[in-house]
$ cat entry_31.tsv   # TSV, C-alpha atoms
chain	number	residue	atom	x	y	z
A	27	MET	CA	21.76	-19.18	-14.54
A	28	MET	CA	20.77	-15.57	-15.24
A	29	LEU	CA	17.47	-14.26	-13.99
A	30	SER	CA	15.18	-12.24	-16.22
A	31	CYS	CA	14.06	-8.75	-15.17
A	32	LYS	CA	10.62	-10.13	-14.50
A	33	GLU	CA	12.02	-12.69	-12.06
A	34	VAL	CA	14.27	-10.10	-10.44
A	35	THR	CA	11.39	-7.67	-9.85
A	36	ARG	CA	9.44	-10.50	-8.19
A	37	LEU	CA	12.33	-11.25	-5.86
A	38	VAL	CA	12.84	-7.58	-5.08
A	39	SER	CA	9.18	-7.35	-4.12
A	40	GLN	CA	9.31	-10.54	-2.03
A	41	GLY	CA	12.45	-9.23	-0.37
A	42	LEU	CA	10.20	-6.59	1.20
A	43	ASP	CA	7.98	-9.31	2.68
A	44	ARG	CA	10.28	-12.21	3.57
A	45	PRO	CA	14.03	-12.76	3.98
A	46	LEU	CA	15.54	-13.84	0.65
A	47	SER	CA	17.91	-16.82	0.67
A	48	PRO	CA	21.62	-16.07	0.21
A	49	GLY	CA	21.42	-17.58	-3.29
A	50	GLU	CA	18.49	-15.37	-4.24
A	51	ARG	CA	20.22	-12.28	-2.89
A	52	LEU	CA	23.38	-13.08	-4.82
A	53	ARG	CA	21.58	-13.59	-8.11
A	54	VAL	CA	19.63	-10.35	-7.67
A	55	ARG	CA	22.85	-8.42	-6.88
A	56	LEU	CA	24.59	-9.89	-9.93
A	57	HIS	CA	21.67	-8.90	-12.10
A	58	PHE	CA	21.83	-5.28	-10.83
A	59	LEU	CA	25.42	-5.07	-12.07
A	60	ILE	CA	24.28	-5.46	-15.63
A	61	CYS	CA	20.77	-4.01	-15.47
A	62	ARG	CA	20.18	-0.40	-14.55
A	63	GLY	CA	16.40	-0.75	-14.92
A	64	CYS	CA	16.16	-3.34	-12.15
A	65	ALA	CA	18.51	-1.41	-9.86
A	66	ARG	CA	16.21	1.57	-10.31
A	67	PHE	CA	13.22	-0.62	-9.63
A	68	GLU	CA	14.66	-1.62	-6.27
A	69	ARG	CA	15.18	2.03	-5.28
A	70	GLN	CA	11.67	2.88	-6.44
A	71	MET	CA	10.24	0.11	-4.26
A	72	ALA	CA	12.10	1.42	-1.21
A	73	PHE	CA	10.72	4.87	-1.96
A	74	LEU	CA	7.19	3.53	-2.39
A	75	ARG	CA	7.33	1.89	1.03
A	76	LEU	CA	8.47	5.14	2.62
A	77	ALA	CA	5.79	7.15	0.82
A	78	VAL	CA	2.93	4.87	1.84
A	79	ARG	CA	4.07	4.89	5.46
A	80	ARG	CA	3.88	8.68	5.44
A	81	LEU	CA	0.45	8.69	3.88
A	82	GLY	CA	-1.94	10.28	6.34
A	83	ALA	CA	0.70	10.30	9.07
B	2	MET	CA	-16.27	18.94	26.09
B	3	GLU	CA	-18.14	20.80	23.35
B	4	ASP	CA	-14.83	21.95	21.98
B	5	PHE	CA	-13.44	18.42	21.96
B	6	ARG	CA	-16.53	17.14	20.16
B	7	ARG	CA	-16.14	19.84	17.49
B	8	ARG	CA	-12.49	19.06	16.97
B	9	VAL	CA	-13.18	15.33	16.65
B	10	GLU	CA	-16.06	15.98	14.27
B	11	ALA	CA	-13.81	18.17	12.13
B	12	GLU	CA	-11.62	15.13	11.39
B	13	ARG	CA	-14.50	13.10	9.97
B	14	GLY	CA	-13.77	13.93	6.32
B	15	TYR	CA	-10.13	13.01	6.66
B	16	LEU	CA	-10.90	9.73	8.44
B	17	LEU	CA	-13.51	8.79	5.88
B	18	ARG	CA	-11.07	9.18	3.02
B	19	TYR	CA	-8.50	7.20	4.94
B	20	ALA	CA	-10.93	4.34	5.61
B	21	ALA	CA	-12.41	4.32	2.11
B	22	LEU	CA	-8.95	3.96	0.62
B	23	GLN	CA	-8.39	0.74	2.52
B	24	LEU	CA	-11.86	-0.75	2.70
B	25	ARG	CA	-13.08	0.06	-0.83
B	26	ASP	CA	-16.60	0.07	0.43
B	27	ARG	CA	-18.28	3.33	1.27
B	28	HIS	CA	-20.68	1.84	3.81
B	29	ALA	CA	-18.01	-0.15	5.59
B	30	ALA	CA	-15.83	2.98	5.67
B	31	GLU	CA	-18.64	5.07	7.13
B	32	ASP	CA	-19.31	2.42	9.77
B	33	ALA	CA	-15.65	2.24	10.75
B	34	VAL	CA	-15.42	6.03	11.06
B	35	GLN	CA	-18.66	6.21	13.02
B	36	GLU	CA	-17.36	3.61	15.48
B	37	THR	CA	-14.10	5.51	15.73
B	38	LEU	CA	-15.76	8.84	16.49
B	39	LEU	CA	-17.98	7.20	19.05
B	40	ALA	CA	-15.04	5.51	20.74
B	41	ALA	CA	-13.17	8.82	20.72
B	42	LEU	CA	-16.01	10.80	22.27
B	43	THR	CA	-16.64	8.26	25.01
B	44	GLY	CA	-12.95	7.83	25.66
B	45	GLU	CA	-11.79	11.42	25.68
B	46	SER	CA	-9.71	10.77	28.80
B	47	GLY	CA	-7.62	8.35	26.70
B	48	PHE	CA	-6.55	11.26	24.56
B	49	ALA	CA	-5.80	13.79	27.29
B	50	GLY	CA	-3.85	15.99	24.90
B	51	ARG	CA	-0.92	13.63	24.82
B	52	SER	CA	-0.54	13.52	21.06
B	53	ASN	CA	-1.86	14.98	17.89
B	54	LEU	CA	-5.64	14.48	17.70
B	55	ARG	CA	-5.56	13.21	14.12
B	56	THR	CA	-2.82	10.69	14.93
B	57	TRP	CA	-4.79	9.45	17.93
B	58	LEU	CA	-8.01	9.08	15.90
B	59	THR	CA	-6.18	7.35	13.07
B	60	GLY	CA	-4.76	4.89	15.59
B	61	ILE	CA	-8.28	3.96	16.70
B	62	LEU	CA	-9.50	3.82	13.11
B	63	LYS	CA	-6.76	1.36	12.11
B	64	HIS	CA	-8.16	-1.17	14.57
B	65	LYS	CA	-11.68	-0.63	13.26
B	66	ILE	CA	-10.43	-1.13	9.71
B	67	ILE	CA	-8.74	-4.41	10.58
B	68	ASP	CA	-11.97	-5.56	12.27
B	69	ALA	CA	-13.96	-4.62	9.17
B	70	ILE	CA	-11.57	-6.47	6.82
B	71	ARG	CA	-11.82	-9.49	9.09
B	72	ARG	CA	-15.62	-9.41	8.98
B	73	ALA	CA	-15.68	-8.94	5.22
B	74	SER	CA	-13.31	-11.81	4.52
B	75	ARG	CA	-15.33	-14.06	6.83
B	76	ASP	CA	-18.41	-13.17	4.78
B	77	GLY	CA	-16.44	-14.05	1.67
B	78	ALA	CA	-17.12	-10.61	0.22
B	79	ALA	CA	-13.45	-9.84	-0.29
B	80	ALA	CA	-12.99	-12.97	-2.39
B	81	ALA	CA	-15.50	-11.91	-5.02
B	82	GLY	CA	-14.54	-10.57	-8.43
B	83	GLU	CA	-10.87	-9.77	-8.67
B	84	GLU	CA	-10.23	-8.19	-12.04
B	85	ASP	CA	-6.46	-7.98	-12.26
B	86	ALA	CA	-5.21	-6.71	-15.57
B	87	ASN	CA	-2.00	-8.48	-16.45
B	88	LEU	CA	0.50	-5.69	-16.21
B	89	ASP	CA	3.42	-8.11	-16.69
B	90	GLU	CA	2.65	-8.47	-20.37
B	91	VAL	CA	2.85	-4.74	-20.94
B	92	VAL	CA	5.89	-4.04	-18.78
B	93	PHE	CA	8.03	-6.99	-19.86
B	94	ASN	CA	8.75	-8.43	-23.29
B	95	PRO	CA	8.23	-12.17	-23.91
B	96	ARG	CA	11.79	-12.90	-22.78
B	97	GLY	CA	11.07	-11.29	-19.43
B	98	HIS	CA	13.13	-8.13	-19.95
B	99	TRP	CA	11.86	-4.56	-19.58
B	100	ALA	CA	9.86	-3.71	-22.68
B	101	THR	CA	10.92	-0.05	-22.47
B	102	ALA	CA	13.84	1.67	-20.72
B	103	GLN	CA	13.11	2.42	-17.07
B	104	PRO	CA	13.54	6.10	-16.28
B	105	ALA	CA	15.01	7.09	-12.91
B	106	TRP	CA	12.82	9.07	-10.52
B	107	PRO	CA	14.49	12.43	-9.99
B	108	ASP	CA	14.79	13.60	-6.39
B	109	PRO	CA	12.01	11.43	-4.92
B	110	ASP	CA	12.58	12.82	-1.41
B	111	ALA	CA	11.40	16.23	-2.56
B	112	SER	CA	8.09	14.61	-3.57
B	113	LEU	CA	7.53	13.53	0.02
B	114	GLU	CA	7.32	17.22	0.95
B	115	GLN	CA	4.49	17.90	-1.48
B	116	ALA	CA	0.81	17.43	-0.66
B	117	GLN	CA	0.10	17.09	-4.37
B	118	PHE	CA	2.29	13.98	-4.51
B	119	PHE	CA	0.22	12.28	-1.82
B	120	ALA	CA	-2.98	13.17	-3.68
B	121	VAL	CA	-1.59	11.38	-6.75
B	122	LEU	CA	-0.50	8.41	-4.62
B	123	GLU	CA	-4.02	8.13	-3.15
B	124	GLU	CA	-5.50	8.28	-6.62
B	125	CYS	CA	-3.15	5.47	-7.72
B	126	LEU	CA	-4.11	3.37	-4.70
B	127	ALA	CA	-7.79	3.91	-5.48
B	128	ARG	CA	-7.27	2.40	-8.93
B	129	LEU	CA	-5.97	-0.92	-7.61
B	130	PRO	CA	-8.37	-3.89	-7.56
B	131	ALA	CA	-9.92	-4.22	-4.09
B	132	LYS	CA	-8.14	-7.28	-2.77
B	133	THR	CA	-4.78	-6.19	-4.17
B	134	ALA	CA	-5.18	-2.83	-2.46
B	135	GLN	CA	-6.20	-4.40	0.83
B	136	ALA	CA	-3.21	-6.73	0.88
B	137	PHE	CA	-0.91	-3.85	0.03
B	138	MET	CA	-2.31	-1.45	2.63
B	139	MET	CA	-2.29	-4.13	5.32
B	140	ARG	CA	1.35	-4.75	4.59
B	141	GLU	CA	2.71	-1.27	3.95
B	142	HIS	CA	0.41	1.00	5.86
B	143	LEU	CA	-0.84	-1.04	8.77
B	144	GLY	CA	2.51	-2.86	8.95
B	145	LEU	CA	1.13	-6.41	9.26
B	146	GLU	CA	3.30	-9.44	8.50
B	147	THR	CA	2.57	-11.40	5.32
B	148	ALA	CA	1.43	-14.45	7.32
B	149	ASP	CA	-1.27	-12.42	9.07
B	150	ILE	CA	-2.41	-10.83	5.80
B	151	CYS	CA	-2.81	-14.26	4.19
B	152	LYS	CA	-4.88	-15.39	7.12
B	153	GLU	CA	-7.12	-12.33	7.10
B	154	LEU	CA	-7.69	-12.48	3.35
B	155	GLY	CA	-7.90	-16.26	3.24
B	156	VAL	CA	-5.20	-16.73	0.59
B	157	THR	CA	-1.96	-18.76	0.42
B	158	PRO	CA	1.40	-17.06	1.10
B	159	THR	CA	2.31	-17.40	-2.57
B	160	HIS	CA	-0.88	-15.67	-3.63
B	161	CYS	CA	-0.22	-13.01	-1.04
B	162	TRP	CA	3.20	-12.27	-2.57
B	163	VAL	CA	1.60	-12.13	-6.00
B	164	LEU	CA	-0.96	-9.58	-4.77
B	165	LEU	CA	1.75	-7.45	-3.17
B	166	TYR	CA	3.89	-7.66	-6.30
B	167	ARG	CA	1.01	-6.60	-8.53
B	168	ALA	CA	0.18	-3.71	-6.24
B	169	ARG	CA	3.76	-2.45	-6.30
B	170	MET	CA	4.15	-2.84	-10.07
B	171	SER	CA	0.95	-1.04	-10.75
B	172	LEU	CA	1.63	1.77	-8.27
B	173	ARG	CA	5.03	2.24	-9.82
B	174	GLU	CA	3.51	2.52	-13.30
B	175	CYS	CA	0.86	4.90	-12.02
B	176	LEU	CA	3.36	7.18	-10.23
B	177	GLN	CA	5.59	7.16	-13.30
B	178	ALA	CA	2.71	8.16	-15.57
B	179	ASN	CA	1.04	10.69	-13.29
B	180	TRP	CA	3.82	12.16	-11.23
B	181	PHE	CA	7.46	11.50	-12.08
B	182	GLY	CA	6.98	11.35	-15.83
B	183	ALA	CA	4.40	14.12	-15.89
B	184	ARG	CA	6.42	16.97	-14.45
$ encode --input "entry_31.tsv" --output "structure tokens"
Amino acid sequence: MMLSCKEVTRLVSQGLDRPLSPGERLRVRLHFLICRGCARFERQMAFLRLAVRRLGA
Amino acid sequence: MEDFRRRVEAERGYLLRYAALQLRDRHAAEDAVQETLLAALTGESGFAGRSNLRTWLTGILKHKIIDAIRRASRDGAAAAGEEDANLDEVVFNPRGHWATAQPAWPDPDASLEQAQFFAVLEECLARLPAKTAQAFMMREHLGLETADICKELGVTPTHCWVLLYRARMSLRECLQANWFGAR
């Protein structure tokens, strides 16, 4: 079953807060293959984390 | 001693902004900073020039902020009035796909070198609803685990993930509109 972008962004966000299950990880990876927007979203989230850690450092 | 006091006092403005960003309450922020400065001045020996003064003060302030959040959530103040706009409906179409194409962020690492970028980021954080911002800052800035954040804010883990998700979505939109898409 294909995930929607909305579901994928939720999992990408949760992946920053808890370990995703192997099934979740697989479905997210498969989605990235066909969706550039969500792949970008994941990179943007990694960047956001880095930026906030540097805030006021 | 006088010199140390002056140097500590000079950091007040910075610390106040830092605390206000996370506490969303001017009085609570002022209290936390006041306690921090007091602790610093009575504990000068703890500093002993071993690190950057601002870093040392910020380290003390983080503990005061966590204490303040704890007190506020015990008083139930943090639970009041959460006005989350539903960003999902704007960002995604009814089928759950991106409503508009998602632009890439060009050379984000270069942004990390610019003070102006961090000013925009702070402005974006200030626009988040209070509880959303607190959950996000506890997670990403103070580095707490989700379980601890849920406990401090008195929400379920699922709600905690929702708050963190909303914070990230909205910060992303804000940075896109005011930084990456605006240059």
$ interface_residues --input "entry_31.tsv" --of "chain A" --to "chain B" --cutoff "7 Å" --atoms "only C-alpha atoms" --output "VMD selection string"
chain A and resid 30 to 32 36 39 to 40 43 63 66 75 77 to 79 81 83
$ atom_distance --input "entry_31.tsv" --atom1 "CA of Leu56 in chain A" --atom2 "CA of Leu37 in chain A"
13.0 Å
$ atom_distance --input "entry_31.tsv" --atom1 "CA of Ala33 in chain B" --atom2 "CA of Ser171 in chain B"
27.4 Å
$ atom_distance --input "entry_31.tsv" --atom1 "CA of Glu36 in chain B" --atom2 "CA of Cys125 in chain B"
27.3 Å
$ closest_residue --input "entry_31.tsv" --among "B:Leu54, B:Gln177, B:Arg6, B:Ala183" --to "Phe67 in chain A" --atoms "all atoms listed in the file"
B:Gln177
$ residues_around --input "entry_31.tsv" --residues "Val9 in chain B" --least-positions-apart "2" --cutoff "9 Å" --atoms "all atoms listed in the file" --output "ChimeraX atom specification"
/B:4-7,11-13,38,41-42,54-55,58
$ residues_around --input "entry_31.tsv" --residues "Cys64 in chain A" --least-positions-apart "5" --cutoff "8 Å" --atoms "all atoms listed in the file" --output "PyMOL selection string"
chain A and resi 31+34-35+57-58
$ closest_residue --input "entry_31.tsv" --among "B:Thr37, B:Gln23, B:Gln135, B:Gln115" --to "Arg80 in chain A" --atoms "only C-alpha atoms"
B:Gln115
$ closest_residue --input "entry_31.tsv" --among "B:Ala136, B:Leu24, B:Ala30, B:Ala127" --to "His160 in chain B" --atoms "only C-alpha atoms"
B:Ala136
$ decode --input "entry_31.tsv" --residues "chain A" --atoms "C-alpha atoms" --output "compact mmCIF listing (two decimals), in the first residue's frame"
# COMPACT_ATOMS: atom_id res chain seq x y z
CA MET A 27 0.00 0.00 0.00
CA MET A 28 1.41 3.39 -0.99
CA LEU A 29 1.70 6.12 1.59
CA SER A 30 0.56 9.65 0.86
CA CYS A 31 2.99 12.57 1.22
CA LYS A 32 1.14 13.63 4.33
CA GLU A 33 1.72 10.23 5.94
CA VAL A 34 5.34 10.17 4.82
CA THR A 35 6.07 13.60 6.32
CA ARG A 36 4.59 12.40 9.62
CA LEU A 37 6.83 9.35 9.63
CA VAL A 38 9.87 11.42 8.70
CA SER A 39 9.14 13.69 11.65
CA GLN A 40 8.56 10.76 14.03
CA GLY A 41 11.77 9.21 12.77
CA LEU A 42 13.55 12.11 14.48
CA ASP A 43 11.90 11.21 17.80
CA ARG A 44 11.60 7.41 17.85
CA PRO A 45 13.06 4.48 15.91
CA LEU A 46 10.82 3.65 12.94
CA SER A 47 9.92 -0.01 12.38
CA PRO A 48 11.62 -1.76 9.44
CA GLY A 49 8.28 -1.74 7.59
CA GLU A 50 7.84 1.99 8.11
CA ARG A 51 11.39 2.70 6.98
CA LEU A 52 10.91 0.61 3.85
CA ARG A 53 7.68 2.33 2.86
CA VAL A 54 9.21 5.77 3.40
CA ARG A 55 12.27 4.84 1.28
CA LEU A 56 10.05 3.51 -1.50
CA HIS A 57 8.05 6.69 -1.47
CA PHE A 58 11.22 8.81 -1.81
CA LEU A 59 12.02 6.97 -5.05
CA ILE A 60 8.96 8.41 -6.68
CA CYS A 61 8.54 11.67 -4.78
CA ARG A 62 11.17 14.36 -4.89
CA GLY A 63 9.15 16.67 -2.61
CA CYS A 64 9.24 14.22 0.29
CA ALA A 65 12.94 13.44 -0.22
CA ARG A 66 13.58 17.18 0.01
CA PHE A 67 11.41 17.37 3.09
CA GLU A 68 13.59 14.80 4.83
CA ARG A 69 16.76 16.79 4.04
CA GLN A 70 15.08 19.98 5.22
CA MET A 71 14.18 18.34 8.53
CA ALA A 72 17.78 17.23 9.06
CA PHE A 73 18.90 20.78 8.34
CA LEU A 74 16.31 22.24 10.72
CA ARG A 75 17.59 20.04 13.54
CA LEU A 76 21.16 21.17 12.90
CA ALA A 77 20.14 24.83 12.73
CA VAL A 78 18.19 24.78 15.99
CA ARG A 79 21.06 23.06 17.79
CA ARG A 80 23.35 25.89 16.71
CA LEU A 81 20.92 28.55 17.81
CA GLY A 82 22.57 30.55 20.57
CA ALA A 83 25.46 28.10 20.78
